[in-house]
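Okay, structure first, notes after.
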Amino acid sequence: METTCIEKSEQMDVVVLAGGLSDERDVSLSSGSQIANALIRKGHRVLLVDLYEGSQYADFASAYAAERQEQYMYDVPKVAPDLLALMQQFDNRQELIGPNVIELCQSADVAFLALHGGIGENGKLQALFDLYRIRYTGSGHAGSLLAMDKHLAKQLMVFNGIPTANWLMYRKGEPIPQVEYPCVVKPNDNGSSIGVKMVDNEAGLIQALKEVTQYGERVMIEQKISGREFSVGVLEGEALPIIEIIPKAGFYDYENKYQANATEEVTPAALTESQTRNMQQLALKVHQILGLVGYSRIDFMLAQSGHMYCIEANTLPGMTPTSLLPQEAAVVGLDYDELCERLLTLAFKK
């Protein structure tokens, strides 16, 4: 693979990696479809490849000749995917990376990571790509690991003076802890609000822990911050305009995130100049201390008391039709296609 920087106007061979054996695979396939379409419109040769399913072709030219599409489409269902059923379709294959994925990415100019959750976002795939000298979009393996592990990320926030909600960790099989209510129970290393439960009492906590430990043994029990929810995109060292997230019912869960018209999103958010500056500075600091590269999205809560809390960082923000980062970029004149092109070219600056 050529190692020199490719100019923005040059046509590239791009593998958009999406899907995978992750609870967020449907969101990822939607992001990947939109990204692939944008890069096709920008004149690139693009293949959308499912990380878990893989391809029957081991080189980009052959795969592109046989599997290319002019347009990709994928709508996110209201419920998270059934991963066991997916595995059964492939004879319960345990390998997380499908046939020929590595070879395809090696023969392309760059892999655009449209993955959410699982090995696509926890640093493992990034570490493997580094070993194979495959160029890819987004942060490296260390930053991806730190951001995906909510416990580690919050420890770094506290150490660096960034306000975040109080929390404790629970491991499957341990005694039920004593906590203050209301609280939020969530998987330690999942995204898209999959498995997140709002809890008001001990009975609710017991049930929530039973359900959430299905996603992983380590669970975070976090102080619930009542107030307004915001997100701040970071692009090339600059904070984008802040977006406020206002679900029409309930909280910003999986369905409200990805079903059209379920949530009102306002950007730029209605904040004071001081609040805006403070939140953007905190977002940039989180991006920096986690060692993130190129772009990210940092989520916040603004309590009714006026106190600001960082909730988490996203290293591969969603790029679906309802996603937040593209809306923020649009405010500064960067449309969806240009945003995808910018993220692509950032891979050559790492």
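To be explicit about the labels: the chains of the structure tokens are called A, B, and onward in the order shown, and within each one the residues are counted from 1, while ligands get numbers from 1 in the order they are shown.
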Close residues, Gln280 (chain A) itself excluded, 12 Å, only C-alpha atoms, min 3 positions apart in chain, as a ChimeraX atom specification: /A:230-235,237-243,268-269,271,273-277,283-287,297-300,308,310
Please, could you write that set of residues out with C-alpha atoms as a short mmCIF file (atom, residue, chain, number, x, y, z; two decimals), in the first residue's frame?
```cif
data_model
loop_
_atom_site.label_atom_id
_atom_site.label_comp_id
_atom_site.auth_asym_id
_atom_site.auth_seq_id
_atom_site.Cartn_x
_atom_site.Cartn_y
_atom_site.Cartn_z
CA PHE A 230 -25.59 17.75 24.86
CA SER A 231 -22.91 16.47 22.54
CA VAL A 232 -19.80 18.17 21.17
CA GLY A 233 -18.03 16.97 18.04
CA VAL A 234 -14.27 17.41 17.76
CA LEU A 235 -12.74 17.64 14.29
CA GLY A 237 -8.43 19.80 17.04
CA GLU A 238 -11.43 22.12 16.87
CA ALA A 239 -14.72 21.82 18.74
CA LEU A 240 -17.80 21.90 16.52
CA PRO A 241 -21.01 23.72 17.51
CA ILE A 242 -22.77 22.04 20.42
CA ILE A 243 -25.94 20.06 19.79
CA PRO A 268 -26.17 25.33 17.88
CA ALA A 269 -27.54 24.62 21.35
CA LEU A 271 -26.45 27.94 25.89
CA GLU A 273 -21.48 32.09 25.68
CA SER A 274 -19.70 31.02 28.86
CA GLN A 275 -21.42 27.60 28.94
CA THR A 276 -20.64 27.04 25.27
CA ARG A 277 -16.98 27.92 25.69
CA ALA A 283 -14.61 18.29 25.00
CA LEU A 284 -11.21 19.19 23.57
CA LYS A 285 -9.53 18.26 26.85
CA VAL A 286 -11.26 14.86 26.96
CA HIS A 287 -10.28 14.24 23.34
CA ARG A 297 -17.81 13.13 19.86
CA ILE A 298 -17.99 13.93 23.57
CA ASP A 299 -21.30 13.70 25.47
CA PHE A 300 -22.38 15.91 28.38
CA MET A 308 -21.72 20.35 33.78
CA CYS A 310 -18.93 14.74 30.91
#
```
I'd like a table as JSON lines: residues in region 26-69 of chain A with an atom no more than 12 Å from region 86-94 of chain A, each row giving the shortest atom pair and its distance in Å to one decimal, only C-alpha atoms counted, sorted by chain and rising residue number.
```
{"residue": "A:Asp26", "atom": "CA", "partner": "A:Leu86", "partner_atom": "CA", "distance": 11.8}
{"residue": "A:Tyr52", "atom": "CA", "partner": "A:Met87", "partner_atom": "CA", "distance": 9.2}
{"residue": "A:Glu53", "atom": "CA", "partner": "A:Phe90", "partner_atom": "CA", "distance": 8.0}
{"residue": "A:Gly54", "atom": "CA", "partner": "A:Phe90", "partner_atom": "CA", "distance": 10.9}
```
Write the residues of the preceding selection, restricted to N, CA, C and O atoms, as a PDB file, in the first residue's frame.
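Writing the result to selection23.pdb gives the following:
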```
ATOM      1  N   ASP A  26     -26.274  -2.991  13.525  1.00  0.00           N
ATOM      2  CA  ASP A  26     -27.267  -2.363  12.651  1.00  0.00           C
ATOM      3  C   ASP A  26     -26.990  -0.870  12.479  1.00  0.00           C
ATOM      4  O   ASP A  26     -27.117  -0.326  11.372  1.00  0.00           O
ATOM      5  N   TYR A  52     -17.783  -9.009   9.981  1.00  0.00           N
ATOM      6  CA  TYR A  52     -17.987 -10.398  10.385  1.00  0.00           C
ATOM      7  C   TYR A  52     -18.222 -11.307   9.184  1.00  0.00           C
ATOM      8  O   TYR A  52     -17.674 -12.413   9.113  1.00  0.00           O
ATOM      9  N   GLU A  53     -18.996 -10.860   8.226  1.00  0.00           N
ATOM     10  CA  GLU A  53     -19.317 -11.704   7.074  1.00  0.00           C
ATOM     11  C   GLU A  53     -18.132 -11.848   6.131  1.00  0.00           C
ATOM     12  O   GLU A  53     -17.917 -12.907   5.548  1.00  0.00           O
ATOM     13  N   GLY A  54     -17.362 -10.785   5.946  1.00  0.00           N
ATOM     14  CA  GLY A  54     -16.215 -10.845   5.061  1.00  0.00           C
ATOM     15  C   GLY A  54     -16.604 -10.870   3.597  1.00  0.00           C
ATOM     16  O   GLY A  54     -17.700 -10.459   3.203  1.00  0.00           O
TER      17      GLY A  54
END
```
Spatial neighbours of Asp130 (chain A), 12 Å, only C-alpha atoms, chain gap at least 4 places, as a count of residues only: 17
Among listed residues A:Met12, A:Asp149, A:Glu328, A:Val76, nearest Arg25 (chain A) (using only C-alpha atoms): A:Val76
Strand (DSSP E) per DSSP on the backbone: members of region 125-261 of chain A, as an NGL selection string: :A and (167-171 or 183-187 or 197-199 or 218-223 or 227-235 or 238-239 or 243-247)
Report as a PDB file with N, CA, C and O atoms, in the first residue's frame all protein, DNA and RNA residues lying within 10 Å of Glu180 (chain A), evaluated on only C-alpha atoms, omitting residues in the same chain fewer than 3 positions from it.
```pdb
ATOM      1  N   PRO A 177     -24.856  -4.004  45.314  1.00  0.00           N
ATOM      2  CA  PRO A 177     -24.253  -2.905  46.080  1.00  0.00           C
ATOM      3  C   PRO A 177     -25.291  -1.936  46.619  1.00  0.00           C
ATOM      4  O   PRO A 177     -26.428  -1.862  46.122  1.00  0.00           O
ATOM      5  N   CYS A 183     -30.370   6.097  39.678  1.00  0.00           N
ATOM      6  CA  CYS A 183     -29.068   5.828  39.093  1.00  0.00           C
ATOM      7  C   CYS A 183     -29.252   5.252  37.687  1.00  0.00           C
ATOM      8  O   CYS A 183     -30.376   4.936  37.266  1.00  0.00           O
ATOM      9  N   VAL A 199     -32.859   3.500  36.869  1.00  0.00           N
ATOM     10  CA  VAL A 199     -33.278   2.731  38.049  1.00  0.00           C
ATOM     11  C   VAL A 199     -33.649   3.679  39.183  1.00  0.00           C
ATOM     12  O   VAL A 199     -32.912   4.638  39.469  1.00  0.00           O
ATOM     13  N   ASP A 200     -34.780   3.372  39.849  1.00  0.00           N
ATOM     14  CA  ASP A 200     -35.265   4.241  40.929  1.00  0.00           C
ATOM     15  C   ASP A 200     -35.264   3.586  42.300  1.00  0.00           C
ATOM     16  O   ASP A 200     -35.461   4.275  43.312  1.00  0.00           O
ATOM     17  N   ASN A 201     -35.070   2.265  42.371  1.00  0.00           N
ATOM     18  CA  ASN A 201     -35.117   1.583  43.661  1.00  0.00           C
ATOM     19  C   ASN A 201     -34.340   0.264  43.588  1.00  0.00           C
ATOM     20  O   ASN A 201     -33.863  -0.144  42.513  1.00  0.00           O
ATOM     21  N   GLU A 202     -34.233  -0.424  44.738  1.00  0.00           N
ATOM     22  CA  GLU A 202     -33.416  -1.640  44.797  1.00  0.00           C
ATOM     23  C   GLU A 202     -33.974  -2.744  43.904  1.00  0.00           C
ATOM     24  O   GLU A 202     -33.211  -3.465  43.246  1.00  0.00           O
ATOM     25  N   ILE A 221     -22.560   1.446  37.426  1.00  0.00           N
ATOM     26  CA  ILE A 221     -23.724   2.032  38.082  1.00  0.00           C
ATOM     27  C   ILE A 221     -23.375   3.496  38.349  1.00  0.00           C
ATOM     28  O   ILE A 221     -22.482   3.800  39.137  1.00  0.00           O
ATOM     29  N   GLU A 222     -24.083   4.375  37.683  1.00  0.00           N
ATOM     30  CA  GLU A 222     -23.698   5.783  37.639  1.00  0.00           C
ATOM     31  C   GLU A 222     -24.790   6.671  38.229  1.00  0.00           C
ATOM     32  O   GLU A 222     -25.985   6.398  38.052  1.00  0.00           O
ATOM     33  N   GLN A 223     -24.377   7.698  38.930  1.00  0.00           N
ATOM     34  CA  GLN A 223     -25.303   8.714  39.412  1.00  0.00           C
ATOM     35  C   GLN A 223     -26.122   9.260  38.241  1.00  0.00           C
ATOM     36  O   GLN A 223     -25.573   9.596  37.193  1.00  0.00           O
ATOM     37  N   LYS A 224     -27.422   9.339  38.402  1.00  0.00           N
ATOM     38  CA  LYS A 224     -28.266   9.901  37.348  1.00  0.00           C
ATOM     39  C   LYS A 224     -28.278  11.422  37.464  1.00  0.00           C
ATOM     40  O   LYS A 224     -28.625  11.974  38.505  1.00  0.00           O
TER      41      LYS A 224
END
```
Å distance separating CA of Gln34 (chain A) from CA of Val196 (chain A), one decimal place: 26.3 Å
Those in region 179-258 of chain A with alpha helix (DSSP H) from DSSP, as a list in words: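 Listing alpha helix (DSSP H) positions across region 179-258 of chain A yields Glu202, Ala203, Gly204, Leu205, Ile206, Gln207, Ala208, Leu209, Lys210, Glu211, Val212, Tyr254, Glu255, Asn256, Lys257 and Tyr258 of chain A.
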Region 329-344 of chain A environment, 8 Å, only C-alpha atoms, sequence neighbours closer than 3 positions dropped, as a ChimeraX atom specification: /A:8,35,38-39,41-42,110,112,137-138,240-241,267-268,294-295,325-326,347-348
Selection near Val219 (chain A), 9 Å with only C-alpha atoms, sequence-local residues under 4 positions removed, as an NGL selection string: :A and (168-172 or 185-189 or 209 or 212-213 or 215)
CA of Gly306 (chain A) to CA of Ser226 (chain A), straight-line distance in Å: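 CA of Gly306 (chain A) lies 10.6 Å from CA of Ser226 (chain A).
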From A:Gln11, A:Thr345, A:Asn278, A:Thr263, residue lying nearest His307 (chain A) [only C-alpha atoms]: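 Closest residue, counting only C-alpha atoms: A:Asn278.
Comparing A:Asn100, A:Gln207, A:Gln327, A:Asn37 by their smallest distance to Ile245 (chain A), the closest is A:Gln327 (using only C-alpha atoms).
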